[in-house]
>>> print(open('work-v2.cif').read())   # mmCIF, N, CA and C atoms
data_run
#
loop_
_atom_site.label_atom_id
_atom_site.label_comp_id
_atom_site.auth_asym_id
_atom_site.auth_seq_id
_atom_site.Cartn_x
_atom_site.Cartn_y
_atom_site.Cartn_z
N MET A 577 15.31 -6.29 -11.45
CA MET A 577 14.99 -4.92 -11.12
C MET A 577 15.23 -4.71 -9.63
N SER A 578 15.93 -3.67 -9.30
CA SER A 578 16.26 -3.37 -7.90
C SER A 578 15.16 -2.52 -7.26
N VAL A 579 14.73 -2.96 -6.08
CA VAL A 579 13.73 -2.21 -5.31
C VAL A 579 14.33 -1.89 -3.96
N LYS A 580 14.20 -0.64 -3.54
CA LYS A 580 14.70 -0.20 -2.24
C LYS A 580 13.53 0.15 -1.34
N TYR A 581 13.70 -0.12 -0.06
CA TYR A 581 12.68 0.20 0.94
C TYR A 581 13.34 1.07 2.01
N LYS A 582 12.70 2.19 2.34
CA LYS A 582 13.23 3.09 3.35
C LYS A 582 12.16 3.37 4.39
N ALA A 583 12.48 3.04 5.65
CA ALA A 583 11.53 3.22 6.74
C ALA A 583 11.43 4.68 7.16
N GLY A 584 10.24 5.05 7.63
CA GLY A 584 10.03 6.40 8.11
C GLY A 584 8.74 6.50 8.89
N SER A 585 8.29 7.72 9.09
CA SER A 585 7.03 7.94 9.78
C SER A 585 6.18 8.88 8.94
N PHE A 586 4.88 8.79 9.12
CA PHE A 586 3.92 9.56 8.35
C PHE A 586 3.00 10.29 9.32
N LYS A 587 2.95 11.61 9.23
CA LYS A 587 2.09 12.40 10.12
C LYS A 587 0.64 12.06 9.82
N TYR A 588 -0.07 11.61 10.84
CA TYR A 588 -1.47 11.22 10.66
C TYR A 588 -2.27 11.63 11.89
N GLN A 589 -3.29 12.42 11.69
CA GLN A 589 -4.13 12.94 12.76
C GLN A 589 -3.25 13.59 13.84
N SER A 590 -3.29 13.08 15.07
CA SER A 590 -2.51 13.71 16.14
C SER A 590 -1.24 12.93 16.47
N GLY A 591 -0.81 12.07 15.56
CA GLY A 591 0.38 11.27 15.82
C GLY A 591 1.10 10.89 14.54
N PHE A 592 1.74 9.73 14.58
CA PHE A 592 2.55 9.27 13.46
C PHE A 592 2.29 7.80 13.19
N ALA A 593 2.20 7.46 11.91
CA ALA A 593 2.03 6.08 11.48
C ALA A 593 3.35 5.58 10.91
N ARG A 594 3.50 4.26 10.90
CA ARG A 594 4.68 3.66 10.25
C ARG A 594 4.56 3.86 8.75
N SER A 595 5.67 4.18 8.10
CA SER A 595 5.65 4.35 6.65
C SER A 595 6.91 3.77 6.04
N ILE A 596 6.77 3.39 4.78
CA ILE A 596 7.89 2.83 4.03
C ILE A 596 7.85 3.43 2.62
N LEU A 597 8.96 4.03 2.22
CA LEU A 597 9.09 4.53 0.86
C LEU A 597 9.63 3.38 0.01
N ARG A 598 8.87 3.00 -1.02
CA ARG A 598 9.27 1.91 -1.91
C ARG A 598 9.69 2.54 -3.23
N GLU A 599 10.90 2.20 -3.66
CA GLU A 599 11.45 2.82 -4.86
C GLU A 599 12.01 1.77 -5.81
N LYS A 600 11.56 1.81 -7.06
CA LYS A 600 12.15 1.00 -8.13
C LYS A 600 13.24 1.85 -8.75
N VAL A 601 14.46 1.45 -8.57
CA VAL A 601 15.61 2.27 -8.94
C VAL A 601 15.69 2.51 -10.44
N GLU A 602 15.58 1.45 -11.25
CA GLU A 602 15.76 1.59 -12.69
C GLU A 602 14.68 2.47 -13.34
N LYS A 603 13.47 2.41 -12.81
CA LYS A 603 12.36 3.15 -13.42
C LYS A 603 12.14 4.51 -12.76
N ASN A 604 12.92 4.80 -11.73
CA ASN A 604 12.76 6.04 -10.98
C ASN A 604 11.30 6.21 -10.55
N GLU A 605 10.72 5.11 -10.05
CA GLU A 605 9.33 5.08 -9.62
C GLU A 605 9.30 4.87 -8.11
N GLN A 606 8.52 5.67 -7.42
CA GLN A 606 8.43 5.49 -5.98
C GLN A 606 7.03 5.80 -5.48
N PHE A 607 6.68 5.17 -4.36
CA PHE A 607 5.43 5.48 -3.69
C PHE A 607 5.57 5.15 -2.21
N LEU A 608 4.63 5.68 -1.44
CA LEU A 608 4.67 5.54 0.00
C LEU A 608 3.66 4.51 0.46
N LEU A 609 4.12 3.60 1.31
CA LEU A 609 3.26 2.63 1.96
C LEU A 609 3.09 3.07 3.41
N VAL A 610 1.87 3.04 3.92
CA VAL A 610 1.65 3.40 5.32
C VAL A 610 0.83 2.33 6.02
N ASN A 611 1.06 2.21 7.31
CA ASN A 611 0.32 1.28 8.15
C ASN A 611 -0.39 2.10 9.21
N LEU A 612 -1.69 2.22 9.09
CA LEU A 612 -2.49 3.04 10.00
C LEU A 612 -3.11 2.23 11.13
N ASN A 613 -2.68 0.97 11.31
CA ASN A 613 -3.26 0.13 12.34
C ASN A 613 -3.02 0.66 13.75
N LYS A 614 -1.91 1.34 13.95
CA LYS A 614 -1.62 1.93 15.25
C LYS A 614 -0.91 3.26 15.01
N ILE A 615 -1.30 4.27 15.77
CA ILE A 615 -0.71 5.59 15.65
C ILE A 615 0.18 5.83 16.87
N TYR A 616 1.38 6.34 16.62
CA TYR A 616 2.37 6.54 17.67
C TYR A 616 2.55 8.02 17.96
N SER A 617 2.94 8.33 19.19
CA SER A 617 3.15 9.73 19.55
C SER A 617 4.51 10.24 19.08
N SER A 618 5.44 9.32 18.82
CA SER A 618 6.79 9.69 18.41
C SER A 618 7.06 9.26 16.97
N PRO A 619 7.59 10.16 16.15
CA PRO A 619 7.95 9.77 14.79
C PRO A 619 9.09 8.75 14.79
N ASP A 620 9.96 8.82 15.77
CA ASP A 620 11.07 7.86 15.86
C ASP A 620 10.57 6.45 16.13
N ASP A 621 9.59 6.32 17.02
CA ASP A 621 9.01 5.00 17.32
C ASP A 621 8.40 4.40 16.06
N ALA A 622 7.64 5.20 15.33
CA ALA A 622 7.00 4.71 14.10
C ALA A 622 8.06 4.28 13.08
N ALA A 623 9.12 5.06 12.92
CA ALA A 623 10.16 4.74 11.95
C ALA A 623 10.93 3.48 12.33
N ILE A 624 11.22 3.32 13.62
CA ILE A 624 11.94 2.12 14.08
C ILE A 624 11.11 0.87 13.82
N LEU A 625 9.82 0.95 14.10
CA LEU A 625 8.95 -0.21 13.87
C LEU A 625 8.78 -0.48 12.38
N ALA A 626 8.76 0.55 11.55
CA ALA A 626 8.70 0.35 10.10
C ALA A 626 9.96 -0.35 9.61
N LYS A 627 11.11 0.00 10.17
CA LYS A 627 12.37 -0.65 9.80
C LYS A 627 12.32 -2.13 10.18
N THR A 628 11.79 -2.42 11.35
CA THR A 628 11.63 -3.81 11.79
C THR A 628 10.69 -4.56 10.85
N ASP A 629 9.63 -3.91 10.40
CA ASP A 629 8.69 -4.54 9.46
C ASP A 629 9.37 -4.87 8.13
N ILE A 630 10.24 -3.99 7.66
CA ILE A 630 10.97 -4.27 6.41
C ILE A 630 11.84 -5.52 6.60
N GLU A 631 12.57 -5.57 7.71
CA GLU A 631 13.45 -6.70 7.98
C GLU A 631 12.65 -8.00 8.10
N GLN A 632 11.52 -7.94 8.80
CA GLN A 632 10.68 -9.14 8.97
C GLN A 632 10.08 -9.58 7.65
N SER A 633 9.67 -8.65 6.81
CA SER A 633 9.09 -9.01 5.52
C SER A 633 10.12 -9.67 4.62
N LEU A 634 11.37 -9.26 4.74
CA LEU A 634 12.45 -9.90 3.97
C LEU A 634 12.62 -11.35 4.41
N VAL A 635 12.54 -11.59 5.71
CA VAL A 635 12.64 -12.96 6.23
C VAL A 635 11.48 -13.80 5.71
N TYR A 636 10.27 -13.26 5.75
CA TYR A 636 9.10 -14.00 5.25
C TYR A 636 9.26 -14.34 3.78
N ALA A 637 9.78 -13.41 3.00
CA ALA A 637 9.96 -13.66 1.56
C ALA A 637 11.05 -14.70 1.32
N LYS A 638 12.16 -14.60 2.05
CA LYS A 638 13.27 -15.54 1.84
C LYS A 638 12.93 -16.96 2.30
N THR A 639 12.12 -17.09 3.33
CA THR A 639 11.78 -18.42 3.85
C THR A 639 10.57 -19.03 3.14
N GLY A 640 9.95 -18.26 2.25
CA GLY A 640 8.82 -18.77 1.49
C GLY A 640 7.49 -18.70 2.22
N LYS A 641 7.45 -18.04 3.38
CA LYS A 641 6.17 -17.89 4.08
C LYS A 641 5.21 -17.03 3.27
N LEU A 642 5.75 -16.05 2.59
CA LEU A 642 4.96 -15.20 1.68
C LEU A 642 5.76 -15.04 0.40
N GLN A 643 5.07 -14.69 -0.69
CA GLN A 643 5.71 -14.67 -2.01
C GLN A 643 6.78 -13.60 -2.17
N SER A 644 6.60 -12.46 -1.52
CA SER A 644 7.55 -11.37 -1.71
C SER A 644 7.51 -10.42 -0.52
N ILE A 645 8.43 -9.49 -0.51
CA ILE A 645 8.45 -8.45 0.52
C ILE A 645 7.15 -7.65 0.45
N ASP A 646 6.70 -7.32 -0.75
CA ASP A 646 5.47 -6.55 -0.91
C ASP A 646 4.26 -7.28 -0.34
N HIS A 647 4.19 -8.60 -0.59
CA HIS A 647 3.09 -9.38 -0.03
C HIS A 647 3.14 -9.38 1.50
N ALA A 648 4.34 -9.50 2.05
CA ALA A 648 4.49 -9.50 3.50
C ALA A 648 4.07 -8.16 4.10
N LEU A 649 4.49 -7.07 3.47
CA LEU A 649 4.12 -5.74 3.98
C LEU A 649 2.61 -5.54 3.90
N SER A 650 2.00 -6.01 2.84
CA SER A 650 0.55 -5.92 2.71
C SER A 650 -0.14 -6.72 3.82
N ALA A 651 0.37 -7.91 4.11
CA ALA A 651 -0.20 -8.74 5.18
C ALA A 651 -0.05 -8.07 6.54
N MET A 652 0.97 -7.25 6.70
CA MET A 652 1.19 -6.53 7.96
C MET A 652 0.28 -5.32 8.09
N GLY A 653 -0.39 -4.94 7.01
CA GLY A 653 -1.32 -3.82 7.07
C GLY A 653 -0.89 -2.58 6.32
N TYR A 654 0.20 -2.66 5.57
CA TYR A 654 0.66 -1.50 4.80
C TYR A 654 -0.20 -1.33 3.55
N GLU A 655 -0.53 -0.09 3.25
CA GLU A 655 -1.30 0.25 2.07
C GLU A 655 -0.61 1.38 1.32
N LYS A 656 -0.74 1.35 0.01
CA LYS A 656 -0.16 2.40 -0.84
C LYS A 656 -0.97 3.68 -0.71
N ILE A 657 -0.27 4.78 -0.53
CA ILE A 657 -0.92 6.09 -0.53
C ILE A 657 -1.12 6.49 -1.99
N GLU A 658 -2.34 6.77 -2.36
CA GLU A 658 -2.63 7.16 -3.74
C GLU A 658 -2.16 8.58 -4.01
N GLU A 659 -1.58 8.77 -5.17
CA GLU A 659 -1.12 10.08 -5.57
C GLU A 659 -2.28 10.88 -6.12
N ASN A 660 -2.27 12.16 -5.86
CA ASN A 660 -3.35 13.04 -6.36
C ASN A 660 -3.00 13.61 -7.70
#
>>> encode(input="work-v2.cif", output="structure tokens")
Amino acid sequence: MSVKYKAGSFKYQSGFARSILREKVEKNEQFLLVNLNKIYSSPDDAAILAKTDIEQSLVYAKTGKLQSIDHALSAMGYEKIEEN
């Protein structure tokens, strides 16, 4: 099953948090992961750091430091935004 990750920023309070859109292509299922550990004044800064987090989580998964990209993102502080 193919999973895609797209970095972005999420408007939160008076700034922006790092966000990652996680999409399962075959099931047309997607949800947003956000990291609220630090809030940035620029949406670009948040998106660039989210992109770096995706790349780093891939390295952790490939080297066996963590079981998967999802586990690595969770360890970094990303949480799923619940749908209403």
>>> closest_residue(input="work-v2.cif", among="A:Ala622, A:Val610, A:Glu631, A:Ile615", to="Lys656 in chain A", atoms="only N, CA and C atoms")
A:Val610
>>> atom_distance(input="work-v2.cif", atom1="CA of Gln606 in chain A", atom2="CA of Thr639 in chain A")
26.1 Å
>>> select_by_dssp(input="work-v2.cif", residues="chain A", states="strand (DSSP E)", output="number ranges by chain")
A: 579-588, 591-600, 605-616, 655-656
>>> closest_residue(input="work-v2.cif", among="A:Ser650, A:Gln643, A:Ser590, A:Ser585", to="Ser617 in chain A", atoms="all atoms listed in the file")
A:Ser590
>>> resolve_selection(input="work-v2.cif", expression="the PyMOL selection byres ((chain A and resi 616) around 8)", output="ChimeraX atom specification")
/A:588,590-594,613-615,617-622
>>> atom_distance(input="work-v2.cif", atom1="atom C of Leu634 in chain A", atom2="atom C of Val601 in chain A")
20.5 Å
>>> decode(input="work-v2.cif", residues="range 639-652 of chain A", atoms="all heavy atoms", output="PDB file, in the first residue's frame")
ATOM      1  N   THR A 639      16.821   2.708   8.654  1.00  0.00           N
ATOM      2  CA  THR A 639      17.970   2.216   9.426  1.00  0.00           C
ATOM      3  C   THR A 639      17.547   1.330  10.589  1.00  0.00           C
ATOM      4  O   THR A 639      18.394   0.788  11.291  1.00  0.00           O
ATOM      5  CB  THR A 639      18.823   3.378   9.964  1.00  0.00           C
ATOM      6  OG1 THR A 639      18.014   4.196  10.825  1.00  0.00           O
ATOM      7  CG2 THR A 639      19.408   4.206   8.838  1.00  0.00           C
ATOM      8  N   GLY A 640      16.245   1.203  10.809  1.00  0.00           N
ATOM      9  CA  GLY A 640      15.750   0.342  11.867  1.00  0.00           C
ATOM     10  C   GLY A 640      15.742   0.986  13.243  1.00  0.00           C
ATOM     11  O   GLY A 640      15.482   0.311  14.238  1.00  0.00           O
ATOM     12  N   LYS A 641      16.006   2.289  13.326  1.00  0.00           N
ATOM     13  CA  LYS A 641      15.943   2.958  14.633  1.00  0.00           C
ATOM     14  C   LYS A 641      14.514   2.970  15.159  1.00  0.00           C
ATOM     15  O   LYS A 641      14.298   2.893  16.353  1.00  0.00           O
ATOM     16  CB  LYS A 641      16.475   4.395  14.531  1.00  0.00           C
ATOM     17  CG  LYS A 641      17.972   4.459  14.389  1.00  0.00           C
ATOM     18  CD  LYS A 641      18.456   5.887  14.473  1.00  0.00           C
ATOM     19  CE  LYS A 641      19.970   5.930  14.365  1.00  0.00           C
ATOM     20  NZ  LYS A 641      20.481   7.286  14.499  1.00  0.00           N
ATOM     21  N   LEU A 642      13.570   3.097  14.264  1.00  0.00           N
ATOM     22  CA  LEU A 642      12.148   3.024  14.613  1.00  0.00           C
ATOM     23  C   LEU A 642      11.463   2.146  13.574  1.00  0.00           C
ATOM     24  O   LEU A 642      11.961   1.978  12.462  1.00  0.00           O
ATOM     25  CB  LEU A 642      11.521   4.417  14.664  1.00  0.00           C
ATOM     26  CG  LEU A 642      12.032   5.282  15.832  1.00  0.00           C
ATOM     27  CD1 LEU A 642      11.665   6.733  15.633  1.00  0.00           C
ATOM     28  CD2 LEU A 642      11.479   4.782  17.149  1.00  0.00           C
ATOM     29  N   GLN A 643      10.302   1.599  13.925  1.00  0.00           N
ATOM     30  CA  GLN A 643       9.641   0.610  13.072  1.00  0.00           C
ATOM     31  C   GLN A 643       9.147   1.164  11.742  1.00  0.00           C
ATOM     32  O   GLN A 643       9.127   0.453  10.744  1.00  0.00           O
ATOM     33  CB  GLN A 643       8.464  -0.014  13.813  1.00  0.00           C
ATOM     34  CG  GLN A 643       8.878  -0.872  14.979  1.00  0.00           C
ATOM     35  CD  GLN A 643       7.674  -1.424  15.708  1.00  0.00           C
ATOM     36  OE1 GLN A 643       6.572  -0.907  15.623  1.00  0.00           O
ATOM     37  NE2 GLN A 643       7.891  -2.499  16.452  1.00  0.00           N
ATOM     38  N   SER A 644       8.708   2.413  11.737  1.00  0.00           N
ATOM     39  CA  SER A 644       8.130   2.965  10.515  1.00  0.00           C
ATOM     40  C   SER A 644       8.223   4.483  10.528  1.00  0.00           C
ATOM     41  O   SER A 644       8.568   5.093  11.551  1.00  0.00           O
ATOM     42  CB  SER A 644       6.656   2.557  10.388  1.00  0.00           C
ATOM     43  OG  SER A 644       5.892   3.206  11.398  1.00  0.00           O
ATOM     44  N   ILE A 645       7.879   5.078   9.407  1.00  0.00           N
ATOM     45  CA  ILE A 645       7.826   6.538   9.312  1.00  0.00           C
ATOM     46  C   ILE A 645       6.805   7.070  10.316  1.00  0.00           C
ATOM     47  O   ILE A 645       7.059   8.062  11.006  1.00  0.00           O
ATOM     48  CB  ILE A 645       7.475   6.976   7.879  1.00  0.00           C
ATOM     49  CG1 ILE A 645       8.610   6.607   6.926  1.00  0.00           C
ATOM     50  CG2 ILE A 645       7.188   8.473   7.815  1.00  0.00           C
ATOM     51  CD1 ILE A 645       8.296   6.833   5.463  1.00  0.00           C
ATOM     52  N   ASP A 646       5.665   6.417  10.428  1.00  0.00           N
ATOM     53  CA  ASP A 646       4.627   6.863  11.359  1.00  0.00           C
ATOM     54  C   ASP A 646       5.115   6.840  12.801  1.00  0.00           C
ATOM     55  O   ASP A 646       4.842   7.761  13.575  1.00  0.00           O
ATOM     56  CB  ASP A 646       3.366   6.010  11.215  1.00  0.00           C
ATOM     57  CG  ASP A 646       2.661   6.241   9.885  1.00  0.00           C
ATOM     58  OD1 ASP A 646       2.796   7.339   9.321  1.00  0.00           O
ATOM     59  OD2 ASP A 646       1.975   5.322   9.424  1.00  0.00           O
ATOM     60  N   HIS A 647       5.849   5.781  13.175  1.00  0.00           N
ATOM     61  CA  HIS A 647       6.396   5.715  14.529  1.00  0.00           C
ATOM     62  C   HIS A 647       7.397   6.850  14.766  1.00  0.00           C
ATOM     63  O   HIS A 647       7.419   7.453  15.838  1.00  0.00           O
ATOM     64  CB  HIS A 647       7.077   4.366  14.776  1.00  0.00           C
ATOM     65  CG  HIS A 647       6.124   3.260  15.023  1.00  0.00           C
ATOM     66  ND1 HIS A 647       5.828   2.321  14.066  1.00  0.00           N
ATOM     67  CD2 HIS A 647       5.392   2.938  16.118  1.00  0.00           C
ATOM     68  CE1 HIS A 647       4.957   1.471  14.554  1.00  0.00           C
ATOM     69  NE2 HIS A 647       4.660   1.821  15.797  1.00  0.00           N
ATOM     70  N   ALA A 648       8.216   7.136  13.768  1.00  0.00           N
ATOM     71  CA  ALA A 648       9.198   8.208  13.896  1.00  0.00           C
ATOM     72  C   ALA A 648       8.519   9.564  14.049  1.00  0.00           C
ATOM     73  O   ALA A 648       8.911  10.378  14.899  1.00  0.00           O
ATOM     74  CB  ALA A 648      10.135   8.208  12.688  1.00  0.00           C
ATOM     75  N   LEU A 649       7.488   9.810  13.253  1.00  0.00           N
ATOM     76  CA  LEU A 649       6.776  11.088  13.349  1.00  0.00           C
ATOM     77  C   LEU A 649       6.101  11.222  14.707  1.00  0.00           C
ATOM     78  O   LEU A 649       6.106  12.305  15.310  1.00  0.00           O
ATOM     79  CB  LEU A 649       5.755  11.221  12.216  1.00  0.00           C
ATOM     80  CG  LEU A 649       6.348  11.390  10.821  1.00  0.00           C
ATOM     81  CD1 LEU A 649       5.254  11.314   9.761  1.00  0.00           C
ATOM     82  CD2 LEU A 649       7.125  12.689  10.711  1.00  0.00           C
ATOM     83  N   SER A 650       5.549  10.145  15.207  1.00  0.00           N
ATOM     84  CA  SER A 650       4.936  10.164  16.528  1.00  0.00           C
ATOM     85  C   SER A 650       5.982  10.485  17.600  1.00  0.00           C
ATOM     86  O   SER A 650       5.734  11.288  18.502  1.00  0.00           O
ATOM     87  CB  SER A 650       4.275   8.817  16.813  1.00  0.00           C
ATOM     88  OG  SER A 650       3.721   8.805  18.100  1.00  0.00           O
ATOM     89  N   ALA A 651       7.158   9.881  17.489  1.00  0.00           N
ATOM     90  CA  ALA A 651       8.234  10.140  18.449  1.00  0.00           C
ATOM     91  C   ALA A 651       8.698  11.593  18.385  1.00  0.00           C
ATOM     92  O   ALA A 651       9.158  12.147  19.386  1.00  0.00           O
ATOM     93  CB  ALA A 651       9.405   9.202  18.181  1.00  0.00           C
ATOM     94  N   MET A 652       8.558  12.224  17.238  1.00  0.00           N
ATOM     95  CA  MET A 652       8.933  13.626  17.073  1.00  0.00           C
ATOM     96  C   MET A 652       7.884  14.575  17.639  1.00  0.00           C
ATOM     97  O   MET A 652       8.107  15.774  17.728  1.00  0.00           O
ATOM     98  CB  MET A 652       9.149  13.951  15.594  1.00  0.00           C
ATOM     99  CG  MET A 652      10.353  13.307  14.997  1.00  0.00           C
ATOM    100  SD  MET A 652      10.407  13.713  13.232  1.00  0.00           S
ATOM    101  CE  MET A 652      11.764  12.686  12.702  1.00  0.00           C
TER     102      MET A 652
END
